[in-house]
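J.: Take a look at this one; I'll ask things after.
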Amino acid sequence: MDYSQFFRVATGLAPFAFQRRLAEVGLPDRLAVPTGFGKTEAGVLAWLWRRTTCPETNVRQSTPSRLVYCLPMRVLVEQTAERVRAAGKRLSDAGVLPAPLEVHTLLGGAVQRDWEGNPDRPVILIGTQDQLLSRALNRGYGMSRYLWPVHFALLNNDCQWILDEVQLMGVGLSTSVQLQAFRQGFKTYGNARSMWMSATLDAGRLDTIDARGRTWSDAKVESADFADPVLKARWTAAKPVRRATASGKDASACAREVADAHVPGTLTLVVVNRVQRAQQLFQALSPLMPKEPVRVLHARFRPAERGAIQKEILAAGWSGILVATQAIEAGVDLSARTLFTDVAPWSSLVQRFGRLNRRGEWNEDQASARWFDLPADDEEAALPYSVEELAEARSRIMKCSDVGPSSLADIETPGAAATLPVVRRRDLLQLFDTEPDLAGHDLDVSPYIRGTKDTDVQVAWRAWEGDAPPADAPEIAREELCTVSLPALLNLAKGQVRPWRWSGVNGKWERVTRVVPGMVLVVPISFGGYDPLIGWTGERSDVPTTVAVEGPAPDSDEADTYTFDCSRFVSLTEHASDAADEITRLKSAMPHLDLPWETLSKAARWHDLGKAHEVFQAMLFHALDPSDPRRLQGPWAKSDGHGGRVTRPHFRHELASALALLNQGGTDIEVYLVAAHHGKVRVTLRARPGEREPRGGQLFALGVWDGDSLPQVDLGAGTVVPSTVLSLSCMQIGGQSDQRSWLDRMAGLLESQGPFQLAFLEALVRIADWRATSRHQQTTTKEHVHV
């Protein structure tokens with residue numbers, strides 16, 4: 001099927017000429033397209049056609065398996081995902097796609113996980129820059145630290161990034177450019193590309209230190225494209241503009257002017273710069289418009305309340321007054337007859353004007369744009385922007401009588417440099433190690449994602465009895481989370497109990513003494529700060545209701561859901577063979593990737609050898625009757641729910657597996673892949689606080705003692721490992737004369753493999769283990785999906 005037919009099935013429309021060009025030649029590095037011209041469909045459908053339907057085999061195989069669609073705000077994610085899913089369903093229903101299109105969203109507290117176990121299938125991931133960039137930096141916000149490396153691998157190998165509305169990304173744009181430069185420098189498995197797109201794309205913002213001197217490929221709408229009557233109508237849409245009478249600081253005066261300008265039965269959109277101003281304007285407008293719906297929308301709502309508002313205002317034919325923040329200025333498919341906006345940076349104003357008379361429905365006497373001015377020298381009133389940014393925009397808008405696309409085309413976009421700070425090569429290598437420091441803290445990536453000025457956390461309000469949340473409380477769910485700025489949270493917390501956070505290392509809820517951006521926190525409802533009608537307020541008197549959630553408890557350092565969730569006991573021999581077989585299946589499903597399959601197969605076969613350790617077997621036998629014949633069989637890798645606590649706290653069987661393989665002559669990469677298959681033993685090897693120390697004074701780490709032994713084990717396919725004595729001499733700096741230290745080995749691997757390729761191999765061994773376990777599982781665990 002050619003692309004025009006494919007596009008028509010997906011959208012019901014014929015593609016524009018520039019959309020066809022992207023499909024024919026592939027996605028460029030930079031795409032500049034005016035608002036309302038369909039750049040979302042241009043990027044997504046061009047990738048999808050080239051990956052799944054293009055008649056040329058080499059095009060399909062060279063097109064990355066994962067499309068990563070990155071947006072600056074969650075409201076854009078939700079709408080984009082809805083549009084992409086609708087297109088995918090049309091293609092699947094028509095039999096164009098060989099399988100249903102997988103579309104998953106990644107938002108704060110709302111990360112869908114079905115995709116991570118299937119690297120061999122085409123998938124579209126749509127998320128915010130916070131969620132996607134934090135994962136691409138190996139510090140995924142709001143997720144188990146033990147899964148960081150898997151998401152890091154899948155978002156840096158065999159993937160096509162599309163970064164949309166980049167003018168709103170700030171330092172996140174610089175980080176995305178640096179990451180692409182690192183992928184090209186360190187190398188990846190499969191093609192890993194990026195495309196940046198915006199209606200106001202400033203090339204200088206992409207000129208980061210490690211991308212300097214790069215030759216960029218560009219695409220844009222060309223003059224010949226306007227022969228299409230639909231594009232022409234959008235290009236020439238009338239959008240007369242003038243300064244509003246009311247001052248931007250006077251909410252009551254602004255509300256009266258908006259109410260007077262509103263035309264019943266149409267949409268009036270009011271876009272302001274700050275959440276608090278949006279709330280004040282909404283409260284001033286509501287009593288002035290008793291017969292017209294008035295809504296407020298911003299990024300500081302819980303999903304339940306925000307979702308209801310979005311569903312209402314995005315419904316076809318909705319009319320009324322919508323007061324919003326930057327959350328609405330880009331990507332949202334609204335077409336207002338009347339638009340009010342605070343003065344804002346020029347690129348933001350261009351985006352906001354794109355929500356007015358979007359399709360050219362009204363003439364110049366009907367459509368209207370007005371802008372509220374703000375005090376020229378008031379730094380607080382200018383926030384979150386600078387006085388200088390607003391002054392530059394003010395000088396431009398005062399010269400405009402119309403702000404339609406054709407009128408703005410001749411206005412030169414102000415040049416800008418890349419936003420600082422930028423992540424560097426050494427930072428990325430440090431981030432590969434996911435072990436917290438001795439104080440339990442992690443490297444903070446927030447300066448590379450939102451910058452130091454814009455720091456957010458996610459907050460859930462819950463009710464419980466006693467001091468701490470109960471240990472069996474369900475994992476925090478998307479529905480109960482609200483995005484809150486860190487300073488606002490700390491201000492509300494004064495004189496109150498500190499928020500709580502789940503500690504995966506210690507396996508319990510702990511009070512947070514140091515709140516950092518990206519954290520997911522729980523507070524009691526008495527903490528206050530939220531009104532379901534207007535969102536986060538920061539007022540203690542605004543006490544919200546709880547959101548009912550169900551589900552399992554969060555992951556922890558010692559948790560091993562896989563081990564106890566099978567329908568029967570599974571021997572080490574069988575599980576090792578299953579895991580190696582899953583690697584073979586992955587090889588068949590991913591012929592386009594040149595991977596060290598023999599190394600992966602060996603690591604998969606050896607990964608659970610350490611479960612033969614007497615400590616692990618005793619844990620499985622804990623609840624068995626003394627006469628149960630299974631005590632004399634095995635060694636076992638999985639149980640049917642039987643088991644208990646280990647006699648050595650923090651015992652990690654994968655460390656025993658890795659040490660045994662090292663003893664038997666395994667290569668560094670084989671040893672690493674075996675050790676890392678739960679994400680809990682990777683670059684750093686050290687004992688945990690609270691471990692049981694051996695009486696002999698020998699070395700110990702993660703419940704394994706120097707001199708421990710494993711019995712002879714049959715791993716299947718003729719691989720019989722003799723009884724092995726485990727040595728922890730590699731823990732010592734510099735190792736011994738005949739052995740390099742663990743740290744030296746890991747540093748050498750990073751140097752030879754690079755962080756992206758090494759993480760991808762690590763992820764494949766983990767996925768093979770998940771799939772092998774699923775063959776015998778009774779239910780789906782949090783970390784695995786049925787395949």
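By convention in this document, the chains of the structure tokens carry letters A, B, ... by their order, each chain's residues are numbered from 1, and ligands are numbered from 1 in the order they are shown.
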Residues of range 398-493 of chain A that approach range 503-516 of chain A to 9 Å or less, counting only C-alpha atoms: could you list each one with the shortest pair of atoms and its distance in Å to one decimal, rows by chain and increasing residue number, as JSON lines?

T.:
```
{"residue": "A:Gly440", "atom": "CA", "partner": "A:Val505", "partner_atom": "CA", "distance": 8.5}
{"residue": "A:Asp444", "atom": "CA", "partner": "A:Val516", "partner_atom": "CA", "distance": 7.6}
{"residue": "A:Ser446", "atom": "CA", "partner": "A:Val516", "partner_atom": "CA", "distance": 8.4}
{"residue": "A:Thr455", "atom": "CA", "partner": "A:Val516", "partner_atom": "CA", "distance": 8.1}
{"residue": "A:Asp456", "atom": "CA", "partner": "A:Val516", "partner_atom": "CA", "distance": 8.3}
{"residue": "A:Val457", "atom": "CA", "partner": "A:Val516", "partner_atom": "CA", "distance": 7.5}
{"residue": "A:Ala468", "atom": "CA", "partner": "A:Trp509", "partner_atom": "CA", "distance": 6.9}
{"residue": "A:Pro469", "atom": "CA", "partner": "A:Trp509", "partner_atom": "CA", "distance": 6.6}
{"residue": "A:Pro470", "atom": "CA", "partner": "A:Trp509", "partner_atom": "CA", "distance": 7.9}
{"residue": "A:Ala471", "atom": "CA", "partner": "A:Lys508", "partner_atom": "CA", "distance": 6.1}
{"residue": "A:Leu486", "atom": "CA", "partner": "A:Val516", "partner_atom": "CA", "distance": 7.6}
{"residue": "A:Leu490", "atom": "CA", "partner": "A:Val515", "partner_atom": "CA", "distance": 8.5}
```

J.: For range 385-391 of chain A, list every protein, DNA or RNA residue within 7 Å, evaluated using only C-alpha atoms, and leave out those in the same chain fewer than 2 positions away; present the list as a list of chain:residue names.

T.: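 The contact residues come out as A:Val343, A:Ala344, A:Pro345, A:Ala376, A:Asp377, A:Glu379, A:Ala382, A:Leu383, A:Ala393, A:Arg394, A:Ser395.
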
J.: Per DSSP on the backbone, what are the strand (DSSP E or B) residues of range 407-587 of chain A, as an NGL selection string?

T.: :A and (456-462 or 481-485 or 500-503 or 508-511 or 520-524 or 530-531 or 535-536 or 566 or 570-571)

J.: Rank A:Ala246, A:Leu489, A:Ala579, A:Val68 by their smallest atom-to-atom distance to Leu154 in chain A, using only C-alpha atoms, and report the top residue only.

T.: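 Residue with the minimum atom-to-atom distance to Leu154 in chain A: A:Val68.
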
J.: To one decimal place in Å, what is the distance between CA of Phe756 in chain A and CA of Arg183 in chain A?

T.: 7.4 Å

J.: Just want the 12 Å neighbourhood of Asp427 in chain A, counted on only C-alpha atoms, with same-chain residues fewer than 6 positions away dropped. Output as an NGL selection string.

T.: :A and (137-138 or 175 or 178-179 or 182 or 421 or 433 or 443-445 or 448 or 755)

J.: Keeping N, CA, C and O atoms for every residue in the selection just given, could you write it to a file as a short mmCIF file (atom, residue, chain, number, x, y, z; two decimals), in the first residue's frame?

T.:
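As a result, result-v7.cif now contains:
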```cif
data_model
loop_
_atom_site.label_atom_id
_atom_site.label_comp_id
_atom_site.auth_asym_id
_atom_site.auth_seq_id
_atom_site.Cartn_x
_atom_site.Cartn_y
_atom_site.Cartn_z
N LEU A 137 18.09 9.26 30.72
CA LEU A 137 19.27 9.56 31.53
C LEU A 137 19.48 8.52 32.64
O LEU A 137 20.33 8.70 33.51
N ASN A 138 18.68 7.45 32.64
CA ASN A 138 18.83 6.35 33.60
C ASN A 138 18.44 6.76 35.02
O ASN A 138 18.98 6.22 35.99
N THR A 175 19.17 18.91 26.40
CA THR A 175 19.47 17.54 26.83
C THR A 175 19.16 16.55 25.71
O THR A 175 19.91 15.60 25.49
N GLN A 178 21.95 16.71 23.20
CA GLN A 178 23.16 16.08 23.73
C GLN A 178 23.03 14.55 23.70
O GLN A 178 23.97 13.83 23.34
N LEU A 179 21.87 14.04 24.08
CA LEU A 179 21.67 12.59 24.07
C LEU A 179 21.82 12.02 22.67
O LEU A 179 22.40 10.94 22.48
N PHE A 182 25.39 11.81 21.93
CA PHE A 182 26.01 10.68 22.65
C PHE A 182 25.69 9.35 21.96
O PHE A 182 26.53 8.46 21.89
N PRO A 421 22.07 24.26 32.03
CA PRO A 421 23.29 23.50 31.77
C PRO A 421 23.04 22.36 30.79
O PRO A 421 21.89 21.94 30.61
N ASP A 433 25.62 4.07 36.56
CA ASP A 433 25.58 3.37 37.85
C ASP A 433 24.32 3.82 38.59
O ASP A 433 24.14 5.00 38.88
N LEU A 443 22.11 10.80 42.01
CA LEU A 443 22.47 11.95 41.20
C LEU A 443 21.19 12.62 40.70
O LEU A 443 20.28 11.95 40.22
N ASP A 444 21.11 13.93 40.82
CA ASP A 444 19.91 14.68 40.47
C ASP A 444 19.99 15.10 39.00
O ASP A 444 20.89 15.84 38.60
N VAL A 445 19.04 14.63 38.19
CA VAL A 445 19.04 14.97 36.76
C VAL A 445 18.09 16.11 36.44
O VAL A 445 17.99 16.53 35.28
N TYR A 448 18.88 18.99 34.06
CA TYR A 448 18.95 18.68 32.64
C TYR A 448 17.58 18.43 32.02
O TYR A 448 17.48 18.19 30.81
N PRO A 755 27.63 2.89 27.16
CA PRO A 755 26.48 2.70 28.06
C PRO A 755 25.22 2.23 27.37
O PRO A 755 24.45 1.45 27.96
#
```

J.: Would you mind telling me which residue in A:Leu27, A:Trp161, A:Tyr3, A:Leu22 lies nearest to Val96 in chain A when using only C-alpha atoms?

T.: A:Tyr3

J.: Among range 498-627 of chain A, which residues does DSSP mark as helix (DSSP H, G or I) when it is run on the backbone? Keep the chain and numbering as in the structure and answer as a ChimeraX atom specification.

T.: /A:525-527,561-564,572-589,597-606,609-612,614-621

J.: Pull C-alpha atoms from the residues just selected and write them as an mmCIF file, in the first residue's frame.

T.:
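Listed below is the output, selection02.cif:
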```cif
data_model
loop_
_atom_site.group_PDB
_atom_site.id
_atom_site.type_symbol
_atom_site.label_atom_id
_atom_site.label_comp_id
_atom_site.auth_asym_id
_atom_site.auth_seq_id
_atom_site.Cartn_x
_atom_site.Cartn_y
_atom_site.Cartn_z
ATOM 1 C CA ILE A 525 -5.271 14.455 53.487
ATOM 2 C CA SER A 526 -4.978 16.808 56.501
ATOM 3 C CA PHE A 527 -1.913 18.237 54.763
ATOM 4 C CA THR A 561 7.738 -11.465 42.794
ATOM 5 C CA TYR A 562 8.745 -13.852 40.023
ATOM 6 C CA THR A 563 10.102 -16.497 42.352
ATOM 7 C CA PHE A 564 6.823 -17.169 44.160
ATOM 8 C CA LEU A 572 16.824 -24.493 37.747
ATOM 9 C CA THR A 573 17.446 -26.753 34.767
ATOM 10 C CA GLU A 574 14.053 -26.019 33.253
ATOM 11 C CA HIS A 575 14.130 -22.279 33.921
ATOM 12 C CA ALA A 576 17.655 -21.921 32.525
ATOM 13 C CA SER A 577 16.584 -23.702 29.344
ATOM 14 C CA ASP A 578 13.434 -21.579 29.095
ATOM 15 C CA ALA A 579 15.447 -18.350 29.386
ATOM 16 C CA ALA A 580 17.960 -19.431 26.742
ATOM 17 C CA ASP A 581 15.080 -20.391 24.459
ATOM 18 C CA GLU A 582 13.567 -16.926 24.878
ATOM 19 C CA ILE A 583 16.838 -15.405 23.669
ATOM 20 C CA THR A 584 16.567 -17.591 20.578
ATOM 21 C CA ARG A 585 13.042 -16.284 20.009
ATOM 22 C CA LEU A 586 14.185 -12.698 20.376
ATOM 23 C CA LYS A 587 16.912 -13.358 17.812
ATOM 24 C CA SER A 588 14.342 -14.611 15.322
ATOM 25 C CA ALA A 589 12.104 -11.588 15.941
ATOM 26 C CA TRP A 597 23.504 -13.662 20.561
ATOM 27 C CA GLU A 598 25.832 -16.376 21.903
ATOM 28 C CA THR A 599 26.819 -14.135 24.803
ATOM 29 C CA LEU A 600 23.173 -13.352 25.516
ATOM 30 C CA SER A 601 22.234 -17.020 25.375
ATOM 31 C CA LYS A 602 24.975 -18.001 27.818
ATOM 32 C CA ALA A 603 24.048 -15.224 30.238
ATOM 33 C CA ALA A 604 20.383 -16.255 30.085
ATOM 34 C CA ARG A 605 21.291 -19.870 30.814
ATOM 35 C CA TRP A 606 23.527 -18.996 33.787
ATOM 36 C CA LEU A 609 22.653 -20.426 38.992
ATOM 37 C CA GLY A 610 23.029 -18.649 42.353
ATOM 38 C CA LYS A 611 19.587 -19.911 43.377
ATOM 39 C CA ALA A 612 21.268 -23.219 44.072
ATOM 40 C CA GLU A 614 21.616 -23.132 50.367
ATOM 41 C CA VAL A 615 20.218 -19.795 51.617
ATOM 42 C CA PHE A 616 17.899 -19.486 48.621
ATOM 43 C CA GLN A 617 16.777 -23.112 48.659
ATOM 44 C CA ALA A 618 16.043 -22.881 52.382
ATOM 45 C CA MET A 619 13.875 -19.833 51.691
ATOM 46 C CA LEU A 620 11.784 -21.803 49.173
ATOM 47 C CA PHE A 621 11.450 -24.740 51.582
#
```

J.: Select, from A:His776, A:Arg274, A:Arg300, A:Arg242, the residue with the minimum atom-to-atom distance to Val484 in chain A, counting only C-alpha atoms.

T.: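 Of all the options, A:Arg300 lies closest to Val484 in chain A.
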
J.: Compare A:Asn491, A:Thr483, A:Ser723, A:Thr40 by their minimum atom-to-atom distance to Gly518 in chain A, counting only C-alpha atoms, and give me the closest one.

T.: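 Closest residue, counting only C-alpha atoms: A:Thr483.
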
J.: Just checking: using only C-alpha atoms, which residue out of A:Ala768, A:Leu431, A:Ile162, A:Leu593 ends up closest to Arg30 in chain A?

T.: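 The shortest atom-to-atom distance to Arg30 in chain A comes from A:Ile162.
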
J.: What separation in Å, quoted to one decimal, exists between CA of Arg501 in chain A and CA of Val275 in chain A?

T.: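 Computed distance, CA of Arg501 in chain A to CA of Val275 in chain A, equals 26.2 Å.
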
J.: Would you kindly return, as a list in words, each protein, DNA or RNA residue with an atom no farther than 7 Å from any atom of range 312-327 of chain A, considering only C-alpha atoms and excluding same-chain residues fewer than 5 positions away?

T.: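 Near neighbours after the sequence-gap exclusion: Met73, Val75, Gly265, Thr266, Leu267, Thr268, Leu269, Val270, Val271, Val272, Asn273, Arg274, Val275, Ala278, Phe282, Glu292, Pro293, Val294, Arg295, Val296, Leu297, His298 and Ala299 of chain A.
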
J.: Got a sec: who's within 12 Å of Arg193 in chain A, counting only C-alpha atoms, leaving out chain neighbours fewer than 6 positions off, as a VMD selection string?

T.: chain A and resid 26 to 30 47 62 to 69 155 to 163 176 to 177 179 to 184 187 217

J.: Output C-alpha atoms of each residue in that selection to a file, as a JSON list (two decimals), in the first residue's frame.

T.:
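Dumped to out.json:
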```json
[["chain", "number", "residue", "atom", "x", "y", "z"],
["A", 26, "GLY", "CA", 12.31, 9.62, 5.98],
["A", 27, "LEU", "CA", 12.08, 11.92, 8.99],
["A", 28, "PRO", "CA", 14.55, 14.84, 8.98],
["A", 29, "ASP", "CA", 16.43, 16.22, 11.97],
["A", 30, "ARG", "CA", 14.37, 19.41, 12.04],
["A", 47, "TRP", "CA", 7.37, 6.45, 10.84],
["A", 62, "SER", "CA", 16.21, 0.27, 8.95],
["A", 63, "THR", "CA", 13.31, 2.11, 10.57],
["A", 64, "PRO", "CA", 13.58, 1.96, 14.39],
["A", 65, "SER", "CA", 11.18, -0.28, 16.30],
["A", 66, "ARG", "CA", 10.12, 2.31, 18.87],
["A", 67, "LEU", "CA", 8.73, 5.76, 18.23],
["A", 68, "VAL", "CA", 9.31, 8.00, 21.26],
["A", 69, "TYR", "CA", 7.07, 11.08, 21.06],
["A", 155, "LEU", "CA", 14.85, 4.71, 24.88],
["A", 156, "ASN", "CA", 18.39, 4.93, 23.53],
["A", 157, "ASN", "CA", 18.57, 1.97, 21.12],
["A", 158, "ASP", "CA", 16.52, 1.10, 18.02],
["A", 159, "CYS", "CA", 14.29, 4.14, 18.52],
["A", 160, "GLN", "CA", 13.08, 7.25, 16.70],
["A", 161, "TRP", "CA", 12.52, 10.28, 18.93],
["A", 162, "ILE", "CA", 10.12, 13.02, 17.88],
["A", 163, "LEU", "CA", 10.38, 16.10, 20.09],
["A", 176, "SER", "CA", 17.70, 15.84, 23.93],
["A", 177, "VAL", "CA", 20.29, 17.18, 21.49],
["A", 179, "LEU", "CA", 21.67, 12.59, 24.07],
["A", 180, "GLN", "CA", 21.45, 12.24, 20.31],
["A", 181, "ALA", "CA", 25.09, 13.30, 20.02],
["A", 182, "PHE", "CA", 26.01, 10.68, 22.65],
["A", 183, "ARG", "CA", 24.11, 7.97, 20.78],
["A", 184, "GLN", "CA", 26.12, 8.72, 17.67],
["A", 187, "LYS", "CA", 26.97, 3.81, 19.21],
["A", 217, "SER", "CA", 18.66, 17.75, 7.60]]
```

J.: Which one of A:Arg302, A:Lys220, A:Lys249, A:Arg425 sits closest to Thr546 in chain A if you count only C-alpha atoms?

T.: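 The answer is A:Arg302, which sits nearest to Thr546 in chain A.
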
J.: Residues of range 654-699 of chain A within 8 Å of range 705-708 of chain A: nearest atom pair and distance (Å, one decimal) for each, counting only C-alpha atoms, sorted by chain and number, as CSV?

T.:
```
residue,atom,partner,partner_atom,distance
A:Pro694,CA,A:Trp705,CA,7.0
A:Gln698,CA,A:Asp706,CA,6.0
A:Leu699,CA,A:Asp706,CA,5.3
```

J.: Those residues with N, CA and C atoms, as a PDB file, in the first residue's frame please?

T.:
```pdb
ATOM      1  N   PRO A 694      29.416 -12.428  58.567  1.00  0.00           N
ATOM      2  CA  PRO A 694      29.940 -13.752  58.911  1.00  0.00           C
ATOM      3  C   PRO A 694      30.857 -13.684  60.128  1.00  0.00           C
ATOM      4  N   GLN A 698      35.271 -12.757  57.086  1.00  0.00           N
ATOM      5  CA  GLN A 698      35.581 -12.701  55.665  1.00  0.00           C
ATOM      6  C   GLN A 698      34.747 -11.631  54.958  1.00  0.00           C
ATOM      7  N   LEU A 699      35.083 -11.352  53.700  1.00  0.00           N
ATOM      8  CA  LEU A 699      34.337 -10.395  52.898  1.00  0.00           C
ATOM      9  C   LEU A 699      32.889 -10.845  52.725  1.00  0.00           C
TER      10      LEU A 699
END
```
